[in-house]
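Asks: Below is the file data-v7.tsv, which contains TSV, C-alpha atoms.
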```tsv
chain	number	residue	atom	x	y	z
A	3	MET	CA	0.00	0.00	0.00
A	4	THR	CA	0.95	3.67	-0.19
A	5	HIS	CA	2.08	4.74	3.29
A	6	TRP	CA	0.82	8.28	3.77
A	7	GLN	CA	2.44	8.47	7.22
A	8	SER	CA	5.91	7.55	5.97
A	9	PRO	CA	8.43	10.44	6.25
A	10	HIS	CA	9.34	9.60	2.64
A	11	PHE	CA	5.82	10.49	1.46
A	12	HIS	CA	5.92	13.92	-0.22
A	13	ALA	CA	2.86	13.90	-2.50
A	14	TYR	CA	-0.53	15.62	-2.59
A	15	PHE	CA	-1.01	17.25	0.83
A	16	PRO	CA	-0.56	15.88	4.37
A	17	THR	CA	-3.21	13.77	6.02
A	18	GLY	CA	-3.23	14.45	9.74
A	19	HIS	CA	-2.29	11.84	12.27
A	20	SER	CA	-1.78	11.84	16.03
A	21	PHE	CA	-2.44	9.67	19.08
A	22	PRO	CA	-5.02	12.09	20.57
A	23	SER	CA	-6.94	12.10	17.29
A	24	LEU	CA	-6.90	8.31	17.15
A	25	LEU	CA	-8.30	8.20	20.68
A	26	GLY	CA	-11.09	10.57	19.69
A	27	ASP	CA	-11.89	8.47	16.64
A	28	MET	CA	-11.99	5.28	18.71
A	29	LEU	CA	-14.27	6.90	21.26
A	30	SER	CA	-16.53	8.17	18.48
A	31	GLY	CA	-16.75	4.66	17.06
A	32	GLY	CA	-17.41	3.20	20.49
A	33	ILE	CA	-20.22	5.65	21.28
A	34	SER	CA	-21.59	5.13	17.76
A	35	CYS	CA	-24.29	7.79	17.94
A	36	VAL	CA	-26.16	9.03	14.87
A	37	ALA	CA	-26.51	12.69	15.73
A	38	PHE	CA	-29.03	13.88	13.17
A	39	SER	CA	-30.66	16.16	15.76
A	40	TRP	CA	-29.81	17.78	19.07
A	41	ILE	CA	-32.03	15.39	21.05
A	42	ALA	CA	-30.40	12.37	19.36
A	43	SER	CA	-27.09	13.35	21.01
A	44	PRO	CA	-26.93	16.74	22.78
A	45	ALA	CA	-23.23	16.35	23.66
A	46	CYS	CA	-22.30	15.63	20.03
A	47	THR	CA	-24.05	18.78	18.83
A	48	GLU	CA	-22.85	21.10	21.56
A	49	LEU	CA	-19.22	19.94	21.56
A	50	GLU	CA	-19.12	20.57	17.81
A	51	THR	CA	-20.32	24.13	18.31
A	52	ILE	CA	-17.68	24.67	21.00
A	53	VAL	CA	-14.67	23.28	19.12
A	54	MET	CA	-15.65	25.07	15.90
A	55	ASN	CA	-15.67	28.33	17.82
A	56	TRP	CA	-12.28	27.48	19.33
A	57	LEU	CA	-10.79	26.72	15.93
A	58	GLY	CA	-12.36	29.78	14.31
A	59	LYS	CA	-10.82	32.01	16.98
A	60	MET	CA	-7.43	30.30	16.56
A	61	ILE	CA	-7.50	30.92	12.79
A	62	GLY	CA	-8.52	34.55	13.26
A	63	LEU	CA	-11.98	34.49	11.71
A	64	PRO	CA	-14.22	37.48	12.42
A	65	GLU	CA	-16.66	37.14	15.30
A	66	THR	CA	-19.50	37.10	12.77
A	67	PHE	CA	-18.42	33.57	11.74
A	68	LEU	CA	-18.65	32.21	15.28
A	69	ALA	CA	-21.72	30.84	17.03
A	70	GLY	CA	-23.14	32.95	19.82
A	71	GLU	CA	-26.27	34.55	21.23
A	72	ASP	CA	-25.75	37.74	19.22
A	73	SER	CA	-24.37	36.08	16.08
A	74	LEU	CA	-25.99	34.45	13.07
A	75	GLY	CA	-22.74	32.73	12.14
A	76	GLY	CA	-21.36	29.37	13.07
A	77	GLY	CA	-19.27	26.41	12.04
A	78	VAL	CA	-19.91	22.79	11.17
A	79	ILE	CA	-17.75	19.70	10.74
A	80	LEU	CA	-18.10	17.94	7.39
A	81	GLY	CA	-16.30	15.04	5.77
A	82	SER	CA	-14.17	16.88	3.23
A	83	ALA	CA	-13.36	20.20	1.61
A	84	SER	CA	-15.46	19.04	-1.35
A	85	GLU	CA	-18.58	19.05	0.85
A	86	SER	CA	-17.49	22.36	2.35
A	87	ILE	CA	-17.58	23.95	-1.11
A	88	LEU	CA	-20.68	22.16	-2.38
A	89	MET	CA	-22.85	23.25	0.54
A	90	PRO	CA	-22.20	27.02	0.16
A	91	LEU	CA	-22.73	26.79	-3.61
A	92	LEU	CA	-26.09	25.05	-3.12
A	93	ALA	CA	-27.05	27.60	-0.46
A	94	ALA	CA	-26.03	30.53	-2.69
A	95	LYS	CA	-28.03	29.02	-5.54
A	96	MET	CA	-31.22	28.76	-3.47
A	97	LYS	CA	-30.71	32.21	-1.94
A	98	MET	CA	-30.43	33.81	-5.39
A	99	ILE	CA	-33.38	31.85	-6.78
A	100	ARG	CA	-35.60	33.03	-3.94
A	101	LYS	CA	-34.41	36.60	-4.38
A	102	GLN	CA	-35.28	36.48	-8.09
A	103	GLN	CA	-38.67	34.97	-7.30
A	104	GLU	CA	-39.40	37.89	-4.98
A	105	LEU	CA	-38.69	40.25	-7.87
A	106	ASN	CA	-40.55	38.06	-10.40
A	107	PRO	CA	-43.21	35.96	-8.60
A	108	ASP	CA	-44.32	34.29	-11.85
A	109	LEU	CA	-40.95	32.55	-12.28
A	110	ASP	CA	-40.21	29.17	-10.78
A	111	GLN	CA	-36.72	27.98	-9.86
A	112	TYR	CA	-36.29	26.12	-13.15
A	113	ASP	CA	-36.79	29.35	-15.08
A	114	ILE	CA	-34.10	31.07	-13.01
A	115	LEU	CA	-31.53	28.28	-12.64
A	116	PRO	CA	-30.17	28.42	-16.23
A	117	LYS	CA	-29.31	32.11	-15.71
A	118	LEU	CA	-27.20	31.63	-12.58
A	119	VAL	CA	-23.43	31.74	-12.96
A	120	ALA	CA	-20.63	30.96	-10.52
A	121	TYR	CA	-16.94	31.83	-10.80
A	122	SER	CA	-13.75	29.92	-10.05
A	123	THR	CA	-10.24	30.09	-11.51
A	124	ASP	CA	-7.87	28.05	-13.60
A	125	GLN	CA	-6.14	27.12	-10.32
A	126	SER	CA	-9.26	26.04	-8.37
A	127	HIS	CA	-9.50	22.49	-7.10
A	128	SER	CA	-11.43	20.01	-9.24
A	129	CYS	CA	-14.05	19.69	-6.49
A	130	VAL	CA	-15.26	23.20	-7.38
A	131	SER	CA	-16.13	22.05	-10.88
A	132	LYS	CA	-17.76	18.94	-9.44
A	133	ALA	CA	-19.85	21.11	-7.11
A	134	ALA	CA	-21.03	23.08	-10.14
A	135	MET	CA	-22.00	19.84	-11.90
A	136	ILE	CA	-23.96	18.60	-8.88
A	137	SER	CA	-25.72	21.94	-8.36
A	138	SER	CA	-26.39	22.46	-12.10
A	139	VAL	CA	-24.95	25.97	-11.85
A	140	ARG	CA	-22.95	27.32	-14.79
A	141	MET	CA	-19.28	27.71	-13.73
A	142	ARG	CA	-17.09	30.39	-15.30
A	143	VAL	CA	-13.37	29.57	-15.00
A	144	LEU	CA	-11.38	32.81	-14.81
A	145	PRO	CA	-7.70	33.35	-15.65
A	146	THR	CA	-5.20	34.18	-12.93
A	147	ASP	CA	-2.26	36.59	-12.94
A	148	GLU	CA	1.47	35.83	-13.07
A	149	ARG	CA	1.35	34.69	-9.44
A	150	ASN	CA	-1.58	32.38	-10.23
A	151	ALA	CA	-3.98	34.57	-8.23
A	152	LEU	CA	-7.44	35.86	-9.14
A	153	ARG	CA	-7.59	39.65	-9.21
A	154	GLY	CA	-10.52	41.99	-8.70
A	155	ASP	CA	-10.44	43.51	-12.21
A	156	THR	CA	-10.72	40.08	-13.80
A	157	LEU	CA	-13.81	39.29	-11.76
A	158	ILE	CA	-15.40	42.67	-12.49
A	159	GLU	CA	-14.96	42.17	-16.23
A	160	ALA	CA	-16.39	38.63	-16.12
A	161	MET	CA	-19.47	39.71	-14.18
A	162	ARG	CA	-20.03	42.67	-16.50
A	163	ASN	CA	-19.91	40.42	-19.58
A	164	ASP	CA	-22.30	37.88	-18.03
A	165	ARG	CA	-24.84	40.54	-17.09
A	166	LYS	CA	-24.83	41.73	-20.70
A	167	LYS	CA	-25.83	38.17	-21.65
A	168	GLY	CA	-28.72	38.22	-19.19
A	169	LEU	CA	-26.96	35.97	-16.67
A	170	ILE	CA	-27.02	36.43	-12.89
A	171	PRO	CA	-23.69	36.35	-10.99
A	172	THR	CA	-24.37	34.21	-7.91
A	173	PHE	CA	-21.26	32.68	-6.36
A	174	VAL	CA	-17.47	33.15	-6.33
A	175	CYS	CA	-15.07	30.52	-5.02
A	176	ALA	CA	-11.71	32.06	-4.17
A	177	THR	CA	-8.79	29.99	-2.93
A	178	LEU	CA	-6.20	30.64	-0.26
A	179	GLY	CA	-3.53	28.05	-1.02
A	180	THR	CA	-4.31	26.33	-4.32
A	181	THR	CA	-3.63	22.62	-4.65
A	182	ASP	CA	-1.24	22.77	-7.58
A	183	CYS	CA	1.14	25.55	-6.48
A	184	LEU	CA	-0.22	27.09	-3.25
A	185	ALA	CA	-1.30	30.39	-4.83
A	186	PHE	CA	-3.43	32.88	-2.89
A	187	ASP	CA	-6.24	34.79	-4.56
A	188	SER	CA	-6.46	38.49	-3.82
A	189	ILE	CA	-9.35	38.42	-1.33
A	190	SER	CA	-8.94	42.11	-0.51
A	191	GLU	CA	-9.73	42.89	-4.18
A	192	ILE	CA	-12.32	40.18	-4.82
A	193	GLY	CA	-14.25	40.81	-1.61
A	194	PRO	CA	-15.46	44.36	-2.36
A	195	VAL	CA	-16.49	43.25	-5.87
A	196	CYS	CA	-18.69	40.50	-4.40
A	197	LYS	CA	-20.12	42.83	-1.78
A	198	ASP	CA	-21.07	45.47	-4.36
A	199	ALA	CA	-22.62	42.81	-6.61
A	200	ASN	CA	-24.41	41.06	-3.71
A	201	VAL	CA	-22.69	37.80	-4.69
A	202	TRP	CA	-21.80	34.99	-2.30
A	203	LEU	CA	-18.03	34.80	-1.72
A	204	HIS	CA	-16.71	31.45	-0.52
A	205	ILE	CA	-13.07	31.02	0.47
A	206	ASP	CA	-11.52	27.59	0.08
A	207	ALA	CA	-8.50	27.32	2.38
A	208	ALA	CA	-8.46	23.54	2.77
A	209	TYR	CA	-4.70	23.15	3.23
A	210	ALA	CA	-3.57	26.64	4.20
A	211	GLY	CA	-6.47	27.61	6.44
A	212	CYS	CA	-5.25	25.97	9.63
A	213	ALA	CA	-1.81	27.54	9.16
A	214	PHE	CA	-3.47	30.85	10.02
A	215	ILE	CA	-3.34	29.84	13.67
A	216	CYS	CA	0.22	31.21	13.33
A	217	PRO	CA	-0.05	35.03	13.37
A	218	GLU	CA	2.76	35.45	10.82
A	219	PHE	CA	0.59	33.84	8.12
A	220	ARG	CA	-2.61	35.66	8.97
A	221	TYR	CA	-1.90	38.49	6.53
A	222	LEU	CA	-3.05	36.04	3.86
A	223	LEU	CA	-6.55	36.34	5.37
A	224	ASN	CA	-6.84	40.04	4.53
A	225	GLY	CA	-10.33	40.55	3.13
A	226	ILE	CA	-11.96	37.68	5.05
A	227	GLU	CA	-14.56	40.14	6.34
A	228	TYR	CA	-16.17	40.12	2.87
A	229	ALA	CA	-16.66	36.33	2.78
A	230	SER	CA	-20.00	34.60	3.21
A	231	SER	CA	-18.37	31.26	4.01
A	232	PHE	CA	-14.93	29.77	4.65
A	233	ASN	CA	-13.50	26.27	4.86
A	234	ALA	CA	-10.30	24.73	6.21
A	235	SER	CA	-9.24	21.13	6.79
A	236	PRO	CA	-7.75	20.23	10.19
A	237	GLN	CA	-7.30	16.76	8.69
A	238	LYS	CA	-4.34	18.10	6.70
A	239	ILE	CA	-1.85	19.99	8.89
A	240	LEU	CA	-3.52	20.16	12.30
A	241	ARG	CA	-2.74	16.58	13.41
A	242	VAL	CA	-6.38	15.45	13.08
A	243	ASN	CA	-7.04	12.12	11.35
A	244	PHE	CA	-9.13	11.96	8.20
A	245	ASP	CA	-12.02	12.68	7.90
A	246	LEU	CA	-12.68	16.10	9.37
A	247	ALA	CA	-13.21	19.30	7.41
A	248	ALA	CA	-14.39	22.59	8.91
A	249	MET	CA	-16.76	25.10	7.35
A	250	TRP	CA	-18.02	28.42	8.72
A	251	VAL	CA	-20.80	30.68	7.46
A	252	ARG	CA	-21.60	34.29	8.24
A	253	ASP	CA	-25.35	33.69	8.28
A	254	LYS	CA	-26.41	30.13	9.06
A	255	ARG	CA	-29.95	30.90	7.89
A	256	ASP	CA	-28.66	30.79	4.31
A	257	ILE	CA	-27.57	27.17	4.85
A	258	THR	CA	-30.40	25.90	7.04
A	259	GLY	CA	-32.99	27.71	4.96
A	260	ALA	CA	-31.82	25.88	1.85
A	261	PHE	CA	-31.77	22.38	3.37
A	262	ASN	CA	-34.36	22.36	6.15
A	263	ILE	CA	-36.63	19.35	5.61
A	264	ASP	CA	-38.19	17.96	8.80
A	265	GLN	CA	-40.06	14.68	8.88
A	266	PRO	CA	-42.29	14.19	11.93
A	267	ILE	CA	-40.16	11.30	13.16
A	268	ILE	CA	-37.12	13.53	13.70
A	269	GLN	CA	-38.87	16.64	15.00
A	270	GLN	CA	-38.33	17.61	18.62
A	271	ASP	CA	-39.66	19.94	21.30
A	272	HIS	CA	-36.59	22.16	20.94
A	273	GLN	CA	-37.15	23.00	17.26
A	274	GLY	CA	-35.63	26.42	16.54
A	275	LEU	CA	-33.98	26.69	19.96
A	276	VAL	CA	-31.00	24.38	19.42
A	277	GLU	CA	-28.69	23.57	16.50
A	278	ASN	CA	-29.58	20.66	14.26
A	279	TYR	CA	-26.56	20.08	12.05
A	280	ARG	CA	-28.47	17.82	9.67
A	281	HIS	CA	-29.61	21.05	8.03
A	282	TRP	CA	-25.98	21.98	7.31
A	283	GLN	CA	-25.12	18.92	5.21
A	284	ILE	CA	-26.34	16.48	2.57
A	285	PRO	CA	-26.66	13.32	4.75
A	286	LEU	CA	-29.12	13.04	7.60
A	287	GLY	CA	-26.88	11.20	10.06
A	288	ARG	CA	-23.52	12.38	11.32
A	289	ARG	CA	-20.66	10.98	13.39
A	290	PHE	CA	-19.19	12.36	16.61
A	291	ARG	CA	-16.23	13.84	14.70
A	292	SER	CA	-15.81	16.74	17.10
A	293	LEU	CA	-14.23	14.37	19.63
A	294	LYS	CA	-11.16	14.07	17.40
A	295	LEU	CA	-10.74	17.81	17.19
A	296	TRP	CA	-11.46	18.28	20.91
A	297	PHE	CA	-8.80	15.72	21.88
A	298	VAL	CA	-6.20	17.33	19.59
A	299	LEU	CA	-6.86	20.90	20.73
A	300	ARG	CA	-6.92	19.95	24.40
A	301	MET	CA	-3.86	17.68	24.40
A	302	PHE	CA	-1.59	19.71	22.10
A	303	GLY	CA	-2.82	23.23	22.73
A	304	VAL	CA	-2.32	26.19	20.41
A	305	LYS	CA	1.41	26.54	21.07
A	306	LYS	CA	2.33	22.96	20.14
A	307	LEU	CA	0.19	23.06	17.01
A	308	GLN	CA	1.86	26.31	15.98
A	309	GLU	CA	5.26	24.71	16.52
A	310	HIS	CA	4.26	21.79	14.30
A	311	ILE	CA	3.19	24.06	11.43
A	312	ARG	CA	6.28	26.25	11.72
A	313	TYR	CA	8.53	23.21	11.68
A	314	GLN	CA	6.89	21.93	8.49
A	315	VAL	CA	7.43	25.33	6.87
A	316	LYS	CA	11.07	25.30	8.02
A	317	LEU	CA	11.60	21.90	6.38
A	318	ALA	CA	10.08	23.16	3.13
A	319	GLU	CA	12.45	26.12	3.20
A	320	GLU	CA	15.38	23.73	3.72
A	321	PHE	CA	14.30	21.81	0.63
A	322	GLU	CA	13.87	25.04	-1.33
A	323	ALA	CA	17.47	26.04	-0.49
A	324	LEU	CA	18.74	22.69	-1.80
A	325	VAL	CA	16.86	23.14	-5.07
A	326	LEU	CA	18.13	26.69	-5.55
A	327	ALA	CA	21.72	25.50	-5.05
A	328	ASP	CA	21.47	23.13	-8.04
A	329	PRO	CA	21.64	24.99	-11.39
A	330	ARG	CA	19.74	22.22	-13.15
A	331	PHE	CA	16.52	23.11	-11.33
A	332	THR	CA	14.19	26.06	-11.04
A	333	ILE	CA	11.63	27.03	-8.39
A	334	GLU	CA	8.32	27.86	-10.06
A	335	ALA	CA	6.23	29.31	-7.20
A	336	GLU	CA	6.82	31.20	-3.99
A	337	VAL	CA	7.33	28.89	-1.02
A	338	ILE	CA	5.00	30.08	1.74
A	339	LEU	CA	4.01	26.92	3.64
A	340	GLY	CA	4.94	23.26	3.22
A	341	LEU	CA	4.87	22.95	-0.59
A	342	VAL	CA	7.77	23.46	-3.01
A	343	CYS	CA	7.01	23.52	-6.76
A	344	PHE	CA	10.08	22.98	-8.91
A	345	GLY	CA	11.31	21.34	-12.08
A	346	LEU	CA	14.22	20.81	-14.40
A	347	LYS	CA	15.15	23.69	-16.65
A	348	GLY	CA	14.03	22.66	-20.09
A	349	PRO	CA	10.99	21.08	-21.75
A	350	ASN	CA	8.21	19.38	-19.83
A	351	GLU	CA	9.28	15.94	-21.03
A	352	GLN	CA	12.45	16.05	-18.95
A	353	THR	CA	10.61	16.83	-15.72
A	354	LYS	CA	8.06	14.13	-16.56
A	355	GLU	CA	10.89	11.66	-17.02
A	356	LEU	CA	12.29	12.72	-13.66
A	357	ILE	CA	9.05	12.08	-11.75
A	358	ASP	CA	8.71	8.70	-13.45
A	359	LYS	CA	12.22	7.74	-12.29
A	360	ILE	CA	11.54	8.98	-8.77
A	361	ILE	CA	8.36	6.95	-8.41
A	362	LYS	CA	9.92	3.82	-9.95
A	363	SER	CA	12.81	4.05	-7.50
A	364	GLY	CA	10.38	3.30	-4.67
A	365	LYS	CA	12.48	5.38	-2.28
A	366	ILE	CA	10.24	8.44	-1.99
A	367	TYR	CA	6.81	9.30	-3.32
A	368	MET	CA	5.99	12.58	-5.05
A	369	ASN	CA	3.60	13.78	-7.73
A	370	GLY	CA	3.57	16.37	-10.47
A	371	THR	CA	1.12	18.83	-11.95
A	372	TYR	CA	0.64	21.36	-14.73
A	373	VAL	CA	0.53	25.08	-13.98
A	374	LYS	CA	-0.26	27.16	-17.06
A	375	GLY	CA	1.28	24.63	-19.39
A	376	LYS	CA	4.41	24.03	-17.34
A	377	PHE	CA	4.87	20.59	-15.79
A	378	LEU	CA	6.13	20.85	-12.21
A	379	LEU	CA	7.12	18.56	-9.40
A	380	ARG	CA	5.38	19.05	-6.06
A	381	PHE	CA	7.42	18.35	-2.94
A	382	VAL	CA	5.26	18.45	0.18
A	383	VAL	CA	6.32	18.08	3.80
A	384	CYS	CA	3.69	15.61	5.01
A	385	PRO	CA	3.88	13.47	8.19
A	386	ALA	CA	4.74	14.97	11.56
A	387	THR	CA	7.63	12.49	11.77
A	388	THR	CA	9.47	14.16	8.89
A	389	ASP	CA	12.75	15.85	9.84
A	390	SER	CA	15.81	17.36	8.15
A	391	SER	CA	17.37	13.96	7.51
A	392	HIS	CA	14.37	12.97	5.39
A	393	ILE	CA	14.64	16.21	3.43
A	394	LEU	CA	18.30	15.51	2.65
A	395	TYR	CA	17.50	11.91	1.75
A	396	ALA	CA	14.71	12.96	-0.61
A	397	TRP	CA	16.93	15.52	-2.29
A	398	GLN	CA	19.66	12.92	-2.80
A	399	VAL	CA	17.15	10.59	-4.44
A	400	ILE	CA	15.95	13.40	-6.71
A	401	GLN	CA	19.50	14.34	-7.68
A	402	ASP	CA	20.42	10.73	-8.43
A	403	CYS	CA	17.34	10.35	-10.62
A	404	ALA	CA	18.12	13.62	-12.40
A	405	ASP	CA	21.74	12.73	-13.18
A	406	GLY	CA	20.99	10.72	-16.30
A	407	ILE	CA	18.53	13.30	-17.56
A	408	SER	CA	20.94	16.18	-17.03
A	409	THR	CA	23.66	14.22	-18.87
A	410	ALA	CA	21.32	13.86	-21.84
A	411	ILE	CA	20.61	17.59	-21.71
A	412	ASN	CA	24.30	18.46	-21.63
A	413	GLY	CA	24.92	16.01	-24.45
A	414	ASN	CA	22.46	17.84	-26.65
```
Could you rewrite the structure in this file as structure tokens?

Replies:
Amino acid sequence: MTHWQSPHFHAYFPTGHSFPSLLGDMLSGGISCVAFSWIASPACTELETIVMNWLGKMIGLPETFLAGEDSLGGGVILGSASESILMPLLAAKMKMIRKQQELNPDLDQYDILPKLVAYSTDQSHSCVSKAAMISSVRMRVLPTDERNALRGDTLIEAMRNDRKKGLIPTFVCATLGTTDCLAFDSISEIGPVCKDANVWLHIDAAYAGCAFICPEFRYLLNGIEYASSFNASPQKILRVNFDLAAMWVRDKRDITGAFNIDQPIIQQDHQGLVENYRHWQIPLGRRFRSLKLWFVLRMFGVKKLQEHIRYQVKLAEEFEALVLADPRFTIEAEVILGLVCFGLKGPNEQTKELIDKIIKSGKIYMNGTYVKGKFLLRFVVCPATTDSSHILYAWQVIQDCADGISTAINGN
């Protein structure tokens, strides 16, 4: 099998792992509740509200995203970032349909749906396109700038052109930390555009989001106050085992209003007074996932989790320095967190040959990707057990695999 927790695993993104998280998962399995409503398991519901507020505060989200007596916001635990993007898109779709029906009572939702348009970028994760397919909302893929980021002017122009065609801008998915090269969209530019257009802005920060518990990375959140929803995945770099993804919304009524279907069998005396997270997701039932997050936050604490993230960034910077010292290679994207995108100088075929040799060696595992036509290698610091010796080992393997290719290049 592919050992995701091996210190020689450097592909995709990390999947969290820790003893406290395992304990929480075991306890969740042992309790085996199906918490589709508050009364079905009050502790499951209320602990989730608590830990989502804790995590939101750690990340630096505005108070409007947190649950409270004077707030309409709140967070929910879902299974993946894919769900955390699908749910806001479905909610934005229904919110816009109802708004259009108020303006034009004779229209039904099937008259309005073909006119709705959402926006993503050429660097967005594939799950954004899948969400558009599931929701039947037209998705406009926008170009990014030289740093692979979406800019405000690009979004303004796209919305203007769609309105001329009679379409209705409805949803924008911006990314903080793209999968391919860890690019960060310009939220401070995109946000005001969405606010002026009354368009739902969702921010996908699956990998990078939990890094914002470190204050030095929080500048990347500039503009978060314009967002309608936000997601991050503790299951990646916060030592929490898969599956656990976090999503927050500014106004939970947009979510619950879109998915609130109550059969008599699951109604309760506390309707409207307590949170029922079944209205925040596609399935009815839900696991006691919050135990995993509670165990991790309580047993590590903020300081230790910050140390873990900073150490992973330090290791990525060590690898970056090794790459820069070898004239055969080039760094293709700014190294901000635990991902280094690099490749051989020359045509794509040579870097493709290199990744094939690396994988066939069986010594380390990496993957590659295309960014605007350029094939790149992605080196990711993954398990918590990774240290400097593993970075040096990986680099030696990469150099050894590149030797034959570089000889061919020099021979030409």

Asks: For a quick check of your reading of the model, name the residues lying within 10 Å of the coordinate (-11.9, 14.4, 9.7), counting only C-alpha atoms, and write them as an MDAnalysis selection string.

Replies: chainID A and resid 17:18 23 27 79:82 235:238 242:248 291:292 294:295

Asks: I need the residue nearest Leu341 (chain A) from this list: A:Ser363, A:Thr181, A:Thr172, A:Asn278. Use all atoms listed in the file for the distance.

Replies: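 Of all the options, A:Thr181 lies closest to Leu341 (chain A).
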
Asks: Neighbouring residues of region 221-224 of chain A were defined as those with any atom within 8 Å, considering only C-alpha atoms; residues of the same chain fewer than 4 positions away were excluded. Please report them as a list in words.

Replies: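 The neighbour list is Leu178, Phe186, Ile189, Ser190, Phe214 and Pro217 of chain A.
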
Asks: List as JSON, numbers by chain the protein and nucleic acid residues near Val130 (chain A), meaning an atom at most 12 Å away when only C-alpha atoms are counted, but skip any in the same chain fewer than 4 places from it.

Replies: {"A": [83, 84, 85, 86, 87, 88, 89, 90, 91, 92, 120, 121, 122, 123, 124, 125, 126, 134, 135, 136, 137, 139, 140, 141, 142, 143, 173, 174, 175, 176, 177, 180, 181, 204, 205, 206]}

Asks: Excluding Tyr228 (chain A) and any residue of its chain fewer than 2 positions from it, enumerate the residues within 10 Å of it, using only C-alpha atoms, and give them as a PyMOL selection string.

Replies: chain A and resi 189-197+202-205+224-226+230-231+252

Asks: From the set A:Phe290, A:Ala318, A:Gly58, A:Val337, which residue has the shortest atom-to-atom contact distance to Ser30 (chain A), counting all atoms listed in the file?

Replies: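 Of all the options, A:Phe290 lies closest to Ser30 (chain A).
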